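Below is the file work-v2.txt, which contains compact mmCIF, C-alpha atoms and all ligand atoms.
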# COMPACT_ATOMS: atom_id res chain seq x y z
CA MET A 1 -3.39 -10.46 -13.29
CA LEU A 2 -2.50 -7.21 -11.55
CA LYS A 3 0.74 -7.32 -9.59
CA LEU A 4 0.28 -4.77 -6.84
CA LEU A 5 3.37 -3.72 -4.93
CA GLY A 6 3.33 -1.80 -1.66
CA LEU A 7 6.27 0.35 -0.61
CA SER A 8 6.37 1.28 3.04
CA GLY A 9 8.81 4.09 3.77
CA SER A 10 8.83 4.13 7.57
CA PRO A 11 12.26 3.67 9.14
CA SER A 12 10.56 2.93 12.48
CA VAL A 13 12.71 0.51 14.46
CA LYS A 14 9.98 -0.80 16.71
CA PRO A 15 9.05 -4.23 15.38
CA ARG A 16 5.50 -4.42 14.05
CA CYS A 17 4.73 -0.96 15.44
CA SER A 18 4.89 1.13 12.30
CA LYS A 19 1.60 2.96 11.79
CA THR A 20 2.54 3.33 8.14
CA LEU A 21 3.02 -0.40 7.71
CA ILE A 22 -0.30 -1.09 9.45
CA ALA A 23 -2.08 1.28 7.07
CA ILE A 24 -0.56 -0.04 3.86
CA GLU A 25 -1.22 -3.64 4.91
CA MET A 26 -4.88 -2.77 5.35
CA ALA A 27 -5.14 -1.03 1.96
CA MET A 28 -3.42 -3.98 0.24
CA GLU A 29 -5.82 -6.39 1.92
CA PHE A 30 -8.78 -4.37 0.63
CA ALA A 31 -7.31 -4.48 -2.90
CA GLY A 32 -6.92 -8.26 -2.69
CA LYS A 33 -10.46 -8.74 -1.38
CA PHE A 34 -11.88 -6.52 -4.10
CA ASN A 35 -10.26 -8.63 -6.81
CA PRO A 36 -8.85 -11.96 -5.61
CA SER A 37 -6.79 -12.34 -8.78
CA VAL A 38 -4.64 -9.40 -7.66
CA SER A 39 -1.26 -10.49 -6.27
CA THR A 40 -0.01 -8.34 -3.43
CA GLU A 41 3.41 -7.87 -1.90
CA ILE A 42 4.71 -5.22 0.48
CA ILE A 43 8.33 -4.13 0.69
CA ASN A 44 8.99 -2.64 4.10
CA LEU A 45 12.02 -0.61 3.10
CA ARG A 46 13.52 -0.49 6.59
CA ASP A 47 13.94 -4.28 6.53
CA HIS A 48 16.34 -4.13 3.58
CA ASP A 49 19.88 -2.91 3.32
CA VAL A 50 19.32 -0.76 0.25
CA GLN A 51 22.37 1.00 -1.18
CA PHE A 52 22.35 4.78 -1.25
CA CYS A 53 21.88 6.32 -4.64
CA ASP A 54 25.29 7.43 -5.88
CA GLY A 55 24.36 8.39 -9.42
CA ARG A 56 25.26 5.12 -11.14
CA ASN A 57 22.97 3.56 -13.72
CA PRO A 58 20.12 1.63 -12.04
CA GLU A 59 21.19 -1.70 -13.56
CA GLU A 60 24.58 -1.41 -11.82
CA TYR A 61 23.14 -1.75 -8.31
CA GLU A 62 23.52 -5.19 -6.81
CA GLY A 63 21.94 -7.56 -4.30
CA VAL A 64 18.75 -6.56 -2.56
CA THR A 65 18.88 -3.08 -4.11
CA GLN A 66 18.69 -4.62 -7.59
CA GLU A 67 15.96 -7.03 -6.45
CA ILE A 68 13.82 -4.13 -5.25
CA ILE A 69 14.40 -2.18 -8.47
CA LYS A 70 13.28 -5.25 -10.46
CA LYS A 71 10.16 -5.71 -8.32
CA ILE A 72 9.18 -2.08 -8.84
CA GLN A 73 9.73 -2.42 -12.58
CA ALA A 74 7.67 -5.62 -12.69
CA ALA A 75 4.76 -4.19 -10.68
CA ASP A 76 1.59 -3.20 -12.54
CA GLY A 77 0.48 -0.83 -9.80
CA LEU A 78 1.73 0.47 -6.47
CA LEU A 79 0.65 1.72 -3.11
CA VAL A 80 3.23 4.03 -1.57
CA ALA A 81 3.10 4.87 2.12
CA THR A 82 5.27 7.17 4.19
CA PRO A 83 5.27 8.82 7.56
CA MET A 84 5.56 12.58 7.39
CA TYR A 85 9.11 13.56 8.34
CA ARG A 86 9.74 17.32 8.54
CA GLY A 87 6.70 17.97 6.38
CA SER A 88 7.70 15.54 3.64
CA TYR A 89 8.33 11.87 2.87
CA THR A 90 11.17 9.96 4.49
CA GLY A 91 14.76 9.64 3.35
CA ILE A 92 14.59 5.90 2.72
CA LEU A 93 11.66 6.43 0.38
CA LYS A 94 13.43 9.27 -1.42
CA ASN A 95 16.42 6.98 -1.91
CA ILE A 96 14.29 4.41 -3.73
CA PHE A 97 12.87 7.06 -6.04
CA ASP A 98 16.44 8.25 -6.73
CA ILE A 99 17.59 4.74 -7.60
CA ILE A 100 14.85 3.42 -9.90
CA PRO A 101 14.99 4.05 -13.66
CA ASN A 102 13.08 7.09 -14.91
CA ASP A 103 10.55 4.89 -16.72
CA ALA A 104 9.97 2.43 -13.84
CA LEU A 105 6.51 3.78 -12.96
CA ALA A 106 5.31 5.13 -16.30
CA GLY A 107 1.63 4.45 -16.91
CA LYS A 108 1.15 2.65 -13.58
CA PRO A 109 -1.63 3.42 -11.13
CA VAL A 110 -0.31 4.59 -7.76
CA GLY A 111 -2.17 5.21 -4.51
CA LEU A 112 -0.63 7.28 -1.73
CA ILE A 113 -0.82 6.98 2.04
CA ALA A 114 0.76 9.28 4.62
CA THR A 115 0.82 8.92 8.39
CA ALA A 116 1.64 11.83 10.67
CA ALA A 117 1.42 13.15 14.19
CA SER A 118 -1.24 15.71 13.25
CA ASP A 119 -3.13 17.01 10.23
CA HIS A 120 -0.75 19.96 9.71
CA HIS A 121 1.08 18.41 6.79
CA TYR A 122 -1.83 17.05 4.81
CA LEU A 123 -0.92 19.15 1.78
CA ALA A 124 2.54 17.56 1.61
CA LEU A 125 0.83 14.72 -0.24
CA GLU A 126 -0.12 17.22 -2.94
CA HIS A 127 3.08 19.29 -2.94
CA GLU A 128 5.73 16.66 -2.29
CA LEU A 129 4.57 13.20 -3.34
CA LYS A 130 2.28 13.90 -6.28
CA PRO A 131 4.85 16.00 -8.21
CA LEU A 132 7.43 13.24 -7.66
CA LEU A 133 5.06 10.64 -9.09
CA GLY A 134 4.22 13.09 -11.87
CA PHE A 135 7.88 13.12 -12.91
CA PHE A 136 7.66 9.33 -13.25
CA HIS A 137 4.53 9.59 -15.47
CA ALA A 138 2.52 7.48 -13.04
CA PHE A 139 -1.28 7.75 -12.84
CA VAL A 140 -1.77 8.86 -9.24
CA LEU A 141 -5.20 8.39 -7.70
CA PRO A 142 -6.55 11.87 -6.91
CA GLY A 143 -7.70 10.81 -3.45
CA SER A 144 -4.83 9.92 -1.10
CA VAL A 145 -5.20 8.79 2.52
CA TYR A 146 -3.72 10.92 5.31
CA ILE A 147 -3.78 9.42 8.79
CA ASN A 148 -2.87 11.06 12.10
CA ASN A 149 -1.91 9.50 15.43
CA ASP A 150 -5.42 9.97 16.86
CA HIS A 151 -6.75 7.50 14.31
CA TYR A 152 -4.85 4.70 16.08
CA SER A 153 -5.17 3.11 19.47
CA GLU A 154 -1.83 1.49 20.25
CA LYS A 155 -1.14 -0.79 17.28
CA THR A 156 -4.68 -0.73 15.94
CA LEU A 157 -6.17 1.57 13.34
CA ILE A 158 -9.56 2.36 14.86
CA ASP A 159 -10.99 5.27 12.88
CA VAL A 160 -13.80 3.91 10.71
CA GLY A 161 -13.61 6.86 8.32
CA ILE A 162 -9.92 6.25 7.68
CA ILE A 163 -10.47 2.51 7.30
CA ASP A 164 -13.07 3.26 4.65
CA ARG A 165 -10.67 5.62 2.87
CA LEU A 166 -8.06 2.86 2.81
CA ARG A 167 -10.70 0.58 1.27
CA GLN A 168 -11.43 3.21 -1.38
CA LEU A 169 -7.72 3.58 -2.09
CA GLY A 170 -7.07 -0.17 -2.33
CA GLU A 171 -10.08 -0.73 -4.56
CA GLY A 172 -9.37 2.45 -6.50
CA VAL A 173 -5.89 1.40 -7.58
CA VAL A 174 -7.33 -1.89 -8.92
CA ARG A 175 -10.17 -0.09 -10.72
CA LEU A 176 -7.79 2.46 -12.22
CA TYR A 177 -5.54 -0.33 -13.52
CA GLU A 178 -8.54 -1.91 -15.23
CA HIS A 179 -9.35 1.33 -17.07
CA LEU A 180 -5.96 2.83 -17.76
CA PRO A 181 -5.63 4.75 -21.00
CA GLN A 182 -2.02 3.82 -21.77
CA GLU A 183 -2.31 5.61 -25.08
CA ALA A 184 -3.03 8.83 -23.19
CA LEU A 185 0.23 9.09 -21.24
CA GLY A 186 1.02 12.34 -22.96
CA ALA A 187 4.40 13.61 -23.98
CA SER A 188 7.55 12.05 -22.59
CA GLY A 189 10.09 14.17 -20.76
CA PRO A 190 13.65 14.87 -21.86
CA VAL A 191 15.95 11.85 -22.03
CA ILE A 192 18.33 12.16 -19.12
CA ILE A 193 21.43 9.96 -19.25
CA ARG A 194 23.18 9.30 -15.95
CA LYS A 195 26.85 10.01 -16.41
CA VAL A 196 29.41 8.96 -13.85
CA LEU A 197 32.95 10.26 -14.19
CA THR A 198 35.41 7.40 -13.86
CA THR A 199 38.57 9.45 -13.32
C1 LIG A 201 12.11 12.64 12.42
C2 LIG A 201 10.62 12.75 12.49
C3 LIG A 201 9.99 13.80 11.85
C4 LIG A 201 8.60 13.92 11.90
N1 LIG A 201 8.01 14.96 11.25
C5 LIG A 201 6.67 15.08 11.29
C6 LIG A 201 6.04 16.15 10.61
O1 LIG A 201 6.67 16.98 9.97
N2 LIG A 201 4.68 16.24 10.67
C7 LIG A 201 3.92 15.34 11.39
O2 LIG A 201 2.70 15.49 11.42
N3 LIG A 201 4.50 14.30 12.02
C8 LIG A 201 5.85 14.14 11.99
N4 LIG A 201 6.44 13.08 12.62
C9 LIG A 201 5.58 12.05 13.24
C10 LIG A 201 5.41 10.81 12.34
O3 LIG A 201 5.11 11.18 11.01
C11 LIG A 201 4.25 9.94 12.85
O4 LIG A 201 4.46 9.57 14.20
C12 LIG A 201 4.07 8.70 11.98
O5 LIG A 201 2.82 8.12 12.25
C13 LIG A 201 5.15 7.64 12.24
O6 LIG A 201 4.89 6.54 11.42
P1 LIG A 201 5.52 5.09 11.71
O7 LIG A 201 4.89 4.60 13.01
O8 LIG A 201 5.13 4.25 10.55
O9 LIG A 201 7.00 5.27 11.81
C14 LIG A 201 7.82 12.96 12.60
C15 LIG A 201 8.48 11.89 13.24
C16 LIG A 201 9.85 11.78 13.18
C17 LIG A 201 10.53 10.62 13.87
So that I can check it, write out the structure of this file as structure tokens.
Ligand SMILES: Cc1cc2nc3c(=O)[nH]c(=O)nc-3n(C[C@H](O)[C@H](O)[C@H](O)COP(=O)(O)O)c2cc1C
Amino acid sequence: MLKLLGLSGSPSVKPRCSKTLIAIEMAMEFAGKFNPSVSTEIINLRDHDVQFCDGRNPEEYEGVTQEIIKKIQAADGLLVATPMYRGSYTGILKNIFDIIPNDALAGKPVGLIATAASDHHYLALEHELKPLLGFFHAFVLPGSVYINNDHYSEKTLIDVGIIDRLRQLGEGVVRLYEHLPQEALGASGPVIIRKVLTT
């Protein structure tokens, strides 16, 4: 059974108003409908008091930070969603990618969603998020979903084209998982040991 984990990186304080959360919930629902044996869970990062990365080894984090690390490690596939902030992904999402072990996403299918005010930063998905996932040796779906404010009316995602793209993304991550060539991960990167000076 595929364990699909969603990571929503919007720090939006307005309860239930995050466009990013709305989008990832929809994509996860499509994944679950496509294959009912898929288990889905979304971590809305703003709801958790995650420690800042300070360079320690990932297993040394405690509490909810450790719980989130473990859930990411245990996931078979992920959907990652972020609002565009200054042409890139948000700080709380960056922090999670700084904290998790280097091999936490290796060989896993990952689908990407970005929300933004306008279409100006569409390529940030290609230049910012895909290289990051590349470092982690994840299999990123080529087609990401980029959503702008005009695709919503208040708290509702109304653009039928975008809704269909979210369906394709949700279904795509399940399909990719079913066909993953784990033996074709390619070469591993250099082994990087985290060293913390104690004095
Ligand atoms: C600090 C900040 C920076 C932003 N930077 C960008 C940006 O560079 N490009 C853009 O299109 N939208 C930008 N936005 C708009 C958000 O990406 C957009 O409103 C998004 O849908 C918010 O998602 P949320 O409702 O899930 O928080 C920015 C918003 C904030 C608060």
Discussion item. Can you tell me which residues surround Arg86 (chain A) at a distance of at most 12 Å, considering all atoms listed in the file, apart from same-chain residues fewer than 4 positions away, and format the answer as a PyMOL selection string?
Written reply: chain A and resi 82+90-91+116-117+120-121+124+128
Practice prompt. Kindly indicate which residue among A:Glu171, A:Asp76, A:Asp119, A:Asp98 lies nearest to ligand LIG 201 (chain A), using only C-alpha atoms and all ligand atoms for the distances.
Written response: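 Comparing A:Glu171, A:Asp76, A:Asp119, A:Asp98 against ligand LIG 201 (chain A), the winner is A:Asp119.
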Discussion item. Show me, as an NGL selection string, the residues that have an atom within 12 Å of Leu157 (chain A) when counting all atoms listed in the file, minus same-chain residues fewer than 6 positions from it.
Written reply: :A and (17-27 or 115 or 147-151 or 163-164 or 166)
Fill in: Distance of CA of Arg165 (chain A) from CA of Pro36 (chain A), expressed in Å to one decimal place
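Between CA of Pro36 (chain A) and CA of Arg165 (chain A) the gap works out to 19.6 Å.
Distance-wise, CA of Ile158 (chain A) and CA of Pro109 (chain A) end up 27.2 Å apart.
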Worksheet item: With only C-alpha atoms and all ligand atoms as the basis for distance, which of A:Gly134, A:Gly63, A:Pro11, A:Gly189 is at the shortest distance from ligand LIG 201 (chain A)?
Response: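 Nearest candidate to ligand LIG 201 (chain A) out of A:Gly134, A:Gly63, A:Pro11, A:Gly189: A:Pro11.
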Practice prompt. Take atom C11 of ligand LIG 201 (chain A) and CA of Gln73 (chain A) and report the distance between them in Å, one decimal.
Written response: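 It comes out at 28.8 Å.
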Discussion item. Taking 2 positions as the minimum chain separation for residues in the same chain, which residues sit within 8 Å of Phe139 (chain A) when counting only C-alpha atoms? Answer as a list in words.
Written reply: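 Here the answer would be Ala106, Gly107, Lys108, Pro109, Val110, Leu133, Gly134, His137 and Leu141 of chain A.
For region 92-97 of chain A, the residues within 9 Å (counting all atoms listed in the file, excluding itself and residues fewer than 3 positions away along the chain) are A:Leu7, A:Ser8, A:Gly9, A:Ser10, A:Pro11, A:Leu45, A:Arg46, A:Val50, A:Gln51, A:Phe52, A:Cys53, A:Thr65, A:Ile68, A:Ile69, A:Val80, A:Ala81, A:Thr82, A:Tyr89, A:Ile100, A:Pro101, A:Asn102, A:Leu132.
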Discussion item. Residues within 8 Å of Met28 (chain A), please, as a PyMOL selection string. Count only C-alpha atoms; anything in the same chain fewer than 3 positions from it doesn't count.
Written reply: chain A and resi 6+24-25+31-32+40+79+170
I need the chosen residues saved as a CSV table (one decimal), keeping the file's coordinate frame, with C-alpha atoms.
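Writing done, so here's result11.csv:
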chain,number,residue,atom,x,y,z
A,6,GLY,CA,3.3,-1.8,-1.7
A,24,ILE,CA,-0.6,0.0,3.9
A,25,GLU,CA,-1.2,-3.6,4.9
A,31,ALA,CA,-7.3,-4.5,-2.9
A,32,GLY,CA,-6.9,-8.3,-2.7
A,40,THR,CA,0.0,-8.3,-3.4
A,79,LEU,CA,0.6,1.7,-3.1
A,170,GLY,CA,-7.1,-0.2,-2.3
Once 3 Å is added on each side, what are the centre and the three edge lengths, in Å to one decimal, of the axis-aligned box enclosing the listed atoms of region 183-193 of chain A? Present them as lines of an AutoDock Vina configuration file.
center_x = 9.2
center_y = 10.2
center_z = -22.1
size_x = 30.5
size_y = 15.3
size_z = 12.0
Practice prompt. Could you check which of A:Asn57, A:Ser144, A:Gln182, A:Asn44 is closest to ligand LIG 201 (chain A), using only C-alpha atoms and all ligand atoms?
Written response: A:Asn44
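Among the candidates A:Ile99, A:Met84, A:Ala184, A:Leu5, the one nearest to ligand LIG 201 (chain A) when counting only C-alpha atoms and all ligand atoms is A:Met84.
The smallest atom-to-atom distance between Gly87 (chain A) and any of A:Arg56, A:His127, A:Lys71, A:Lys14, using all atoms listed in the file, is found for A:His127.
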Repair of region 147-158 of chain A at the level of all heavy atoms, as a compact mmCIF listing (two decimals), in the frame of the given file:
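As written to disk, out_17.txt reads:
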# COMPACT_ATOMS: atom_id res chain seq x y z
N ILE A 147 -3.37 9.99 7.51
CA ILE A 147 -3.78 9.42 8.79
C ILE A 147 -2.98 10.08 9.90
O ILE A 147 -1.75 10.20 9.78
CB ILE A 147 -3.53 7.89 8.80
CG1 ILE A 147 -4.08 7.24 7.53
CG2 ILE A 147 -4.13 7.25 10.04
CD1 ILE A 147 -3.68 5.78 7.36
N ASN A 148 -3.65 10.50 10.97
CA ASN A 148 -2.87 11.06 12.10
C ASN A 148 -2.90 10.10 13.29
O ASN A 148 -3.65 9.11 13.30
CB ASN A 148 -3.33 12.48 12.44
CG ASN A 148 -4.68 12.52 13.12
OD1 ASN A 148 -4.97 11.71 14.02
ND2 ASN A 148 -5.54 13.45 12.71
N ASN A 149 -2.09 10.40 14.28
CA ASN A 149 -1.91 9.50 15.43
C ASN A 149 -3.22 9.20 16.16
O ASN A 149 -3.38 8.13 16.74
CB ASN A 149 -0.89 10.08 16.42
CG ASN A 149 0.54 9.91 15.93
OD1 ASN A 149 0.77 9.16 14.98
ND2 ASN A 149 1.48 10.58 16.56
N ASP A 150 -4.15 10.17 16.14
CA ASP A 150 -5.42 9.97 16.86
C ASP A 150 -6.29 8.89 16.20
O ASP A 150 -7.28 8.45 16.80
CB ASP A 150 -6.21 11.28 16.92
CG ASP A 150 -5.52 12.30 17.80
OD1 ASP A 150 -4.69 11.88 18.63
OD2 ASP A 150 -5.78 13.50 17.61
N HIS A 151 -5.96 8.53 14.99
CA HIS A 151 -6.75 7.50 14.31
C HIS A 151 -6.37 6.08 14.74
O HIS A 151 -6.98 5.12 14.31
CB HIS A 151 -6.60 7.63 12.79
CG HIS A 151 -7.12 8.93 12.25
ND1 HIS A 151 -6.41 9.72 11.36
CD2 HIS A 151 -8.27 9.59 12.49
CE1 HIS A 151 -7.11 10.81 11.07
NE2 HIS A 151 -8.24 10.75 11.74
N TYR A 152 -5.32 6.01 15.58
CA TYR A 152 -4.85 4.70 16.08
C TYR A 152 -5.07 4.61 17.58
O TYR A 152 -5.04 5.61 18.30
CB TYR A 152 -3.33 4.54 15.85
CG TYR A 152 -2.92 4.44 14.40
CD1 TYR A 152 -2.71 5.59 13.65
CD2 TYR A 152 -2.70 3.21 13.80
CE1 TYR A 152 -2.31 5.52 12.33
CE2 TYR A 152 -2.29 3.12 12.47
CZ TYR A 152 -2.10 4.28 11.74
OH TYR A 152 -1.69 4.21 10.44
N SER A 153 -5.25 3.38 18.05
CA SER A 153 -5.17 3.11 19.47
C SER A 153 -4.10 2.03 19.60
O SER A 153 -4.28 0.91 19.13
CB SER A 153 -6.52 2.61 19.99
OG SER A 153 -6.37 2.17 21.31
N GLU A 154 -2.98 2.41 20.20
CA GLU A 154 -1.83 1.49 20.25
C GLU A 154 -1.50 1.02 18.84
O GLU A 154 -1.26 1.83 17.97
CB GLU A 154 -2.12 0.31 21.19
CG GLU A 154 -2.37 0.73 22.63
CD GLU A 154 -1.15 1.37 23.30
OE1 GLU A 154 -0.03 0.98 22.97
OE2 GLU A 154 -1.33 2.29 24.12
N LYS A 155 -1.53 -0.29 18.60
CA LYS A 155 -1.14 -0.79 17.28
C LYS A 155 -2.34 -1.00 16.35
O LYS A 155 -2.23 -1.66 15.33
CB LYS A 155 -0.42 -2.13 17.43
CG LYS A 155 0.93 -2.04 18.09
CD LYS A 155 1.56 -3.42 18.04
CE LYS A 155 2.52 -3.59 19.19
NZ LYS A 155 2.97 -4.96 19.35
N THR A 156 -3.49 -0.46 16.74
CA THR A 156 -4.68 -0.73 15.94
C THR A 156 -5.22 0.56 15.32
O THR A 156 -5.35 1.59 15.99
CB THR A 156 -5.78 -1.36 16.84
OG1 THR A 156 -5.20 -2.45 17.54
CG2 THR A 156 -6.94 -1.86 16.01
N LEU A 157 -5.53 0.46 14.04
CA LEU A 157 -6.17 1.57 13.34
C LEU A 157 -7.66 1.49 13.64
O LEU A 157 -8.32 0.52 13.27
CB LEU A 157 -5.88 1.43 11.84
CG LEU A 157 -6.31 2.52 10.87
CD1 LEU A 157 -5.91 3.90 11.35
CD2 LEU A 157 -5.68 2.26 9.52
N ILE A 158 -8.18 2.50 14.34
CA ILE A 158 -9.56 2.36 14.86
C ILE A 158 -10.55 3.31 14.19
O ILE A 158 -11.75 3.16 14.36
CB ILE A 158 -9.61 2.61 16.39
CG1 ILE A 158 -8.93 3.93 16.74
CG2 ILE A 158 -8.99 1.43 17.15
CD1 ILE A 158 -9.25 4.42 18.14
